[in-house]
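Dumped model.txt below, it's compact mmCIF, C-alpha atoms and all ligand atoms:
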```txt
# COMPACT_ATOMS: atom_id res chain seq x y z
CA MET Q 1 151.68 171.65 291.06
CA THR Q 2 149.88 172.65 287.95
CA ALA Q 3 147.60 171.00 285.48
CA SER Q 4 147.62 171.99 281.86
CA ALA Q 5 145.07 171.67 279.13
CA GLY Q 6 145.37 170.00 275.80
CA ALA Q 7 148.66 168.22 275.93
CA GLN Q 8 151.31 166.53 278.01
CA LEU Q 9 154.93 167.32 277.61
CA GLY Q 10 157.47 164.60 276.92
CA LEU Q 11 161.24 164.69 276.81
CA TRP Q 12 163.44 162.95 274.30
CA PRO Q 13 165.19 159.83 275.60
CA ASP Q 14 168.46 161.74 275.39
CA SER Q 15 167.05 165.10 276.39
CA GLY Q 16 170.12 165.65 278.52
CA THR Q 17 172.11 166.46 275.41
CA THR Q 18 169.54 168.04 273.10
CA GLY Q 19 167.06 169.51 275.59
CA MET Q 20 164.25 168.98 273.09
CA ALA Q 21 160.67 168.28 274.05
CA TRP Q 22 157.58 166.97 272.33
CA GLN Q 23 153.93 167.17 273.20
CA VAL Q 24 151.60 164.20 273.22
CA ARG Q 25 148.03 164.76 272.07
CA THR Q 26 145.43 162.04 272.45
CA SER Q 27 143.00 161.99 269.57
CA ALA Q 28 139.88 159.84 269.57
CA ARG Q 29 140.09 159.74 265.76
CA ALA Q 30 143.73 158.63 265.53
CA ARG Q 31 144.18 155.01 264.39
CA ARG Q 32 147.95 154.97 264.87
CA LEU Q 33 150.75 157.16 266.17
CA SER Q 34 151.90 160.07 264.05
CA ALA Q 35 154.30 162.97 264.43
CA ARG Q 36 153.73 166.56 263.39
CA VAL Q 37 156.21 169.41 263.35
CA PHE Q 38 154.96 172.99 263.50
CA PRO Q 39 156.48 176.31 262.44
CA GLY Q 40 159.19 177.18 264.93
CA GLY Q 41 160.02 173.48 265.40
CA ARG Q 42 157.43 172.38 267.96
CA VAL Q 43 156.86 168.61 267.83
CA GLU Q 44 153.54 166.94 268.50
CA ILE Q 45 152.93 163.19 268.72
CA VAL Q 46 149.29 162.32 268.05
CA VAL Q 47 148.24 159.05 269.65
CA PRO Q 48 145.04 156.95 269.82
CA PRO Q 49 143.36 156.80 273.26
CA GLY Q 50 144.97 154.28 275.59
CA THR Q 51 148.44 154.43 274.03
CA ARG Q 52 151.09 153.49 276.60
CA PRO Q 53 153.98 155.93 277.22
CA VAL Q 54 156.50 153.21 276.27
CA SER Q 55 154.90 152.94 272.81
CA VAL Q 56 155.26 156.70 272.36
CA GLN Q 57 158.90 156.42 273.42
CA HIS Q 58 159.54 153.66 270.84
CA PHE Q 59 157.74 155.57 268.11
CA VAL Q 60 159.79 158.69 268.72
CA THR Q 61 163.06 156.74 268.82
CA ARG Q 62 162.19 154.98 265.55
CA HIS Q 63 161.34 158.24 263.74
CA ARG Q 64 163.96 160.37 265.41
CA SER Q 65 165.97 161.25 262.29
CA TRP Q 66 162.85 162.26 260.32
CA ILE Q 67 161.66 164.43 263.21
CA ASP Q 68 165.09 166.03 263.63
CA ARG Q 69 165.23 166.88 259.93
CA LYS Q 70 161.73 168.44 259.98
CA VAL Q 71 162.52 170.43 263.12
CA ALA Q 72 165.64 171.84 261.44
CA GLU Q 73 163.63 172.75 258.31
CA HIS Q 74 160.86 174.42 260.28
CA ARG Q 75 163.31 176.28 262.51
CA ALA Q 76 164.97 177.70 259.39
CA LEU Q 77 161.58 178.63 257.88
CA GLY Q 78 160.26 179.95 261.18
CA ALA Q 79 163.18 182.34 261.40
CA ASP Q 80 162.00 184.03 258.21
CA ASP Q 81 158.31 183.87 259.11
CA GLY Q 82 158.69 185.51 262.49
CA GLU Q 83 161.01 188.11 261.03
CA ALA Q 84 158.27 189.69 258.93
CA LEU Q 85 155.87 192.12 260.57
CA PRO Q 86 152.17 191.36 260.04
CA GLU Q 87 149.96 193.56 257.88
CA ALA Q 88 146.99 192.89 260.11
CA ILE Q 89 146.27 191.13 263.38
CA HIS Q 90 143.05 189.17 263.78
CA LEU Q 91 141.94 188.44 267.34
CA ARG Q 92 139.47 185.61 266.85
CA ALA Q 93 138.41 185.67 270.52
CA THR Q 94 136.90 189.14 270.14
CA GLY Q 95 136.43 189.30 266.36
CA GLU Q 96 138.68 192.39 266.25
CA ARG Q 97 140.94 193.06 263.31
CA TRP Q 98 143.84 195.49 263.68
CA GLN Q 99 145.61 196.93 260.66
CA LEU Q 100 149.31 197.63 261.11
CA ARG Q 101 150.71 200.75 259.48
CA CYS Q 102 154.47 201.20 259.43
CA VAL Q 103 156.18 204.55 259.10
CA ASP Q 104 159.94 204.59 258.65
CA ALA Q 105 161.31 207.40 260.82
CA PRO Q 106 164.42 208.03 262.93
CA GLY Q 107 164.59 206.44 266.38
CA ALA Q 108 163.60 203.16 267.98
CA PRO Q 109 160.29 201.71 266.74
CA ARG Q 110 157.31 202.66 268.90
CA LEU Q 111 153.75 201.51 268.67
CA LEU Q 112 150.65 203.67 268.87
CA ALA Q 113 147.23 202.04 269.07
CA ASP Q 114 144.10 203.73 267.80
CA THR Q 115 140.71 202.15 267.12
CA GLY Q 116 141.37 199.25 264.78
CA CYS Q 117 144.74 200.61 263.74
CA LEU Q 118 148.26 200.15 265.04
CA LEU Q 119 150.87 202.64 263.98
CA LEU Q 120 154.48 201.51 264.12
CA ARG Q 121 156.86 204.41 263.81
CA GLY Q 122 160.64 204.26 263.85
CA GLU Q 123 163.58 202.59 262.13
CA LEU Q 124 161.85 199.58 260.62
CA SER Q 125 165.15 197.83 259.94
CA ARG Q 126 165.32 197.24 263.68
CA THR Q 127 162.85 194.36 263.35
CA ALA Q 128 163.52 192.79 266.75
CA LEU Q 129 162.59 196.04 268.52
CA ALA Q 130 159.51 196.46 266.30
CA ARG Q 131 158.43 192.91 267.08
CA HIS Q 132 158.93 193.44 270.82
CA ALA Q 133 156.71 196.52 270.65
CA LEU Q 134 154.00 194.41 269.00
CA GLN Q 135 154.46 191.61 271.54
CA ARG Q 136 154.08 194.06 274.43
CA TRP Q 137 150.89 195.41 272.86
CA LEU Q 138 149.58 191.87 272.44
CA LEU Q 139 150.25 191.03 276.08
CA ARG Q 140 148.43 194.19 277.26
CA THR Q 141 145.53 193.51 274.91
CA ALA Q 142 145.33 189.85 275.92
CA HIS Q 143 145.23 190.91 279.57
CA GLN Q 144 142.34 193.30 278.86
CA VAL Q 145 140.44 190.59 277.00
CA LEU Q 146 141.15 187.48 279.06
CA VAL Q 147 140.98 188.65 282.68
CA PRO Q 148 137.38 190.00 282.49
CA ARG Q 149 136.37 186.96 280.40
CA LEU Q 150 137.71 184.66 283.14
CA ALA Q 151 135.83 186.60 285.83
CA ALA Q 152 132.58 186.41 283.86
CA THR Q 153 132.99 182.69 283.15
CA ALA Q 154 133.77 182.01 286.83
CA ALA Q 155 130.59 183.83 287.88
CA ASP Q 156 128.66 181.88 285.23
CA CYS Q 157 129.95 178.55 286.46
CA GLY Q 158 129.80 179.37 290.16
CA LEU Q 159 133.52 178.65 290.58
CA ALA Q 160 136.02 180.88 292.39
CA TYR Q 161 139.73 181.48 291.78
CA SER Q 162 142.11 183.72 293.68
CA ARG Q 163 144.22 185.44 291.01
CA ALA Q 164 144.63 185.63 287.26
CA GLN Q 165 147.78 186.21 285.24
CA VAL Q 166 148.44 186.40 281.51
CA ARG Q 167 151.74 185.40 279.92
CA ARG Q 168 153.11 184.67 276.49
CA GLN Q 169 153.87 180.94 276.48
CA ARG Q 170 154.97 178.37 273.94
CA THR Q 171 153.73 175.15 275.44
CA ARG Q 172 150.62 175.61 277.53
CA TRP Q 173 147.28 177.32 277.08
CA GLY Q 174 146.59 177.66 280.77
CA SER Q 175 147.23 176.31 284.23
CA CYS Q 176 145.77 176.47 287.69
CA SER Q 177 147.91 176.36 290.85
CA ARG Q 178 146.92 174.81 294.16
CA ARG Q 179 146.46 178.32 295.52
CA GLY Q 180 143.89 179.05 292.84
CA THR Q 181 146.03 181.24 290.59
CA ILE Q 182 144.96 180.79 286.99
CA SER Q 183 147.60 181.51 284.34
CA LEU Q 184 146.42 182.13 280.81
CA ASN Q 185 148.42 182.13 277.61
CA ALA Q 186 148.17 185.45 275.75
CA CYS Q 187 147.90 183.40 272.52
CA LEU Q 188 144.35 182.47 273.55
CA VAL Q 189 143.16 185.71 271.92
CA PHE Q 190 143.86 183.96 268.58
CA GLN Q 191 141.35 181.19 269.37
CA SER Q 192 137.61 181.22 268.75
CA PRO Q 193 135.33 182.46 271.58
CA GLU Q 194 134.04 178.88 272.08
CA VAL Q 195 137.54 177.41 272.40
CA LEU Q 196 138.57 180.22 274.75
CA ARG Q 197 135.54 179.62 276.95
CA TYR Q 198 136.34 175.89 277.08
CA LEU Q 199 139.90 176.60 278.27
CA LEU Q 200 138.57 178.97 280.95
CA VAL Q 201 136.03 176.37 282.10
CA HIS Q 202 138.80 173.73 282.10
CA GLU Q 203 141.10 175.79 284.34
CA LEU Q 204 138.24 176.86 286.61
CA ALA Q 205 137.26 173.20 287.07
CA HIS Q 206 140.81 172.63 288.36
CA THR Q 207 139.97 174.87 291.33
CA ARG Q 208 137.78 171.93 292.45
CA HIS Q 209 139.85 169.00 291.14
CA MET Q 210 143.60 169.44 290.67
CA ASP Q 211 143.86 166.38 288.40
CA HIS Q 212 142.32 165.00 285.22
CA SER Q 213 140.23 162.43 287.10
CA SER Q 214 136.78 161.29 286.01
CA ARG Q 215 135.29 163.67 288.60
CA PHE Q 216 137.17 166.54 286.96
CA TRP Q 217 135.91 165.65 283.46
CA ALA Q 218 132.37 165.16 284.78
CA LEU Q 219 132.44 168.73 286.08
CA VAL Q 220 133.86 170.02 282.78
CA ALA Q 221 131.18 168.11 280.85
CA ALA Q 222 128.44 169.59 283.05
CA LEU Q 223 129.72 173.10 282.34
CA GLU Q 224 130.62 172.53 278.67
CA PRO Q 225 128.90 169.54 277.00
CA ASP Q 226 130.91 170.02 273.80
CA TRP Q 227 134.25 169.82 275.63
CA ARG Q 228 135.72 166.92 273.59
CA ALA Q 229 135.51 168.69 270.25
CA LEU Q 230 136.70 171.97 271.79
CA ASP Q 231 139.65 170.25 273.46
CA ARG Q 232 140.69 168.79 270.09
CA GLU Q 233 140.36 172.21 268.48
CA LEU Q 234 142.49 173.76 271.23
CA GLY Q 235 145.12 171.09 270.55
CA ARG Q 236 145.36 172.40 267.01
CA GLY Q 237 145.16 176.00 268.20
CA TRP Q 238 148.84 176.79 267.54
CA HIS Q 239 147.99 177.01 263.85
CA HIS Q 240 146.14 180.24 264.58
CA VAL Q 241 149.07 181.86 266.37
CA PRO Q 242 151.18 184.05 264.03
CA ALA Q 243 154.92 183.33 264.03
CA TRP Q 244 155.91 186.84 265.22
CA VAL Q 245 154.05 186.32 268.50
CA LEU Q 246 156.42 183.65 269.83
CA ARG Q 247 159.67 184.79 268.28
ZN ZN M 301 143.82 170.39 282.92
```
As structure tokens, please, write out the structure in this file.
Amino acid sequence: MTASAGAQLGLWPDSGTTGMAWQVRTSARARRLSARVFPGGRVEIVVPPGTRPVSVQHFVTRHRSWIDRKVAEHRALGADDGEALPEAIHLRATGERWQLRCVDAPGAPRLLADTGCLLLRGELSRTALARHALQRWLLRTAHQVLVPRLAATAADCGLAYSRAQVRRQRTRWGSCSRRGTISLNACLVFQSPEVLRYLLVHELAHTRHMDHSSRFWALVAALEPDWRALDRELGRGWHHVPAWVLR
């Protein structure tokens, strides 16, 4: 059993055939339901507080053809976006900026990291391999950034967890298992330090309360008074994640 921050996951009424999913985000500022489609084809339904699941279901059914069309457009665009290698990588969580230098040379692309500079050397036409090399570097870097940050935040808050793991994920920023294992999304390194800290506090609070009950939110609020604004910002956090990361 896990609890995730930021969003719930919904399935299309006929998910058996399409296997598509959407995320529901509750926004205190939303007056009515709206749908957003992100690069890569991720669908988000923004709803006012207190919206019933059946209303979300009806909304999605009513706007299904529009959403399908947008998803197809974004998938096509996303394919090009993620194909290109970045010129620079900005890790907002640490403020670091890495320049990427590419050198076309025989052999499979390999990545060398030096202070502030990544050197990609190899046959650059093999873009999938080049991207995988970057993705592996990102996962290592995210591990180095996030695991110590979690330990420090836990000590700060006086909360204990048993294990930390970092993965590249498309749908969730973090989760906490009943055994106290906290999983963090490597994409968190693209979020601001404040938003990252909020997510860490959120998952650590789940070591006490495995749900999103009022007791859970009271604990979060005690540890991070600005949690509402930060939770909204985290909900929009996918905008900061470059397309190549999740390809
Ligand atoms: Zn949660």
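Take CA of Glu87 in chain Q and CA of Phe190 in chain Q: the distance between them is 15.6 Å.
Going from CA of Ala160 in chain Q over to CA of Ala205 in chain Q, you cover 9.4 Å.
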Identify, on the basis of all atoms listed in the file, every residue whose closest approach to range 95-104 of chain Q does not exceed 9 Å; exclude the query and any residue fewer than 5 positions from it along the same chain; express the result as number ranges by chain. Q: 85-90, 109, 115-125, 192-193
12 Å contact set for His132 in chain Q, all atoms listed in the file, chain neighbours under 6 positions out, as a PDB file with C-alpha atoms, keeping the file's coordinate frame:
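Once written, part-v1.pdb looks like this:
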```
ATOM      1  CA  GLY Q  82     158.690 185.510 262.490  1.00  0.00           C
ATOM      2  CA  GLU Q  83     161.010 188.110 261.030  1.00  0.00           C
ATOM      3  CA  LEU Q  85     155.870 192.120 260.570  1.00  0.00           C
ATOM      4  CA  ALA Q 108     163.600 203.160 267.980  1.00  0.00           C
ATOM      5  CA  PRO Q 109     160.290 201.710 266.740  1.00  0.00           C
ATOM      6  CA  ARG Q 110     157.310 202.660 268.900  1.00  0.00           C
ATOM      7  CA  LEU Q 111     153.750 201.510 268.670  1.00  0.00           C
ATOM      8  CA  LEU Q 120     154.480 201.510 264.120  1.00  0.00           C
ATOM      9  CA  ARG Q 126     165.320 197.240 263.680  1.00  0.00           C
ATOM     10  CA  LEU Q 138     149.580 191.870 272.440  1.00  0.00           C
ATOM     11  CA  LEU Q 139     150.250 191.030 276.080  1.00  0.00           C
ATOM     12  CA  ARG Q 168     153.110 184.670 276.490  1.00  0.00           C
ATOM     13  CA  TRP Q 244     155.910 186.840 265.220  1.00  0.00           C
ATOM     14  CA  VAL Q 245     154.050 186.320 268.500  1.00  0.00           C
ATOM     15  CA  LEU Q 246     156.420 183.650 269.830  1.00  0.00           C
ATOM     16  CA  ARG Q 247     159.670 184.790 268.280  1.00  0.00           C
TER      17      ARG Q 247
END
```
From the set Q:Cys176, Q:Val54, Q:Val60, Q:Ala221, which residue has the shortest atom-to-atom contact distance to ligand ZN 301 (chain M), counting all atoms listed in the file?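 That would be Q:Cys176, the residue with the smallest distance to ligand ZN 301 (chain M).
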Please compute the CA of Trp22 in chain Q-CA of Ala186 in chain Q distance, one decimal, in Å.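 One can read the CA of Trp22 in chain Q to CA of Ala186 in chain Q distance as 21.0 Å.
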Which is closest to Asp231 in chain Q among Q:Glu194, Q:Asp68, Q:Glu44, Q:Glu73, if we use all atoms listed in the file? Q:Glu194
Which is closer to Pro242 in chain Q than all the others in Q:Arg131, Q:Arg215, Q:His202, Q:His143, using all atoms listed in the file?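 Closest to Pro242 in chain Q, using all atoms listed in the file: Q:Arg131.
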Find the residue from Q:Val195, Q:Arg208, Q:Thr141, Q:Gln135 that sits nearest to Arg232 in chain Q; use only C-alpha atoms when measuring.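 Using only C-alpha atoms, Arg232 in chain Q sits closest to Q:Val195.
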Box for range 127-136 of chain Q: with edges along x, y and z, all listed atoms inside and 8 Å added on each side, what are the centre and edge lengths in Å to one decimal, as lines of an AutoDock Vina configuration file?
```
center_x = 158.8
center_y = 194.1
center_z = 268.9
size_x = 25.5
size_y = 20.9
size_z = 27.1
```
Residue with smallest distance to ligand ZN 301 (chain M) - pool Q:Leu91, Q:Ala218, Q:Ala105, Q:Leu204, counting all atoms listed in the file: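 Using all atoms listed in the file, ligand ZN 301 (chain M) sits closest to Q:Leu204.
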Which is closest to ligand ZN 301 (chain M) among Q:Ala28, Q:Leu199, Q:Leu234, Q:Val241, if we use only C-alpha atoms and all ligand atoms?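 Result for the nearest residue to ligand ZN 301 (chain M): Q:Leu199.
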Name all residues at most 8 Å from range 182-185 of chain Q (count all atoms listed in the file; drop same-chain ones fewer than 5 positions away) and give them as a list in words. Leu146, Tyr161, Ser162, Arg163, Ala164, Gln165, Val166, Arg167, Arg168, Gln169, Arg172, Trp173, Gly174, Ser175, Cys176, Ser177, Glu203 and Leu204 of chain Q
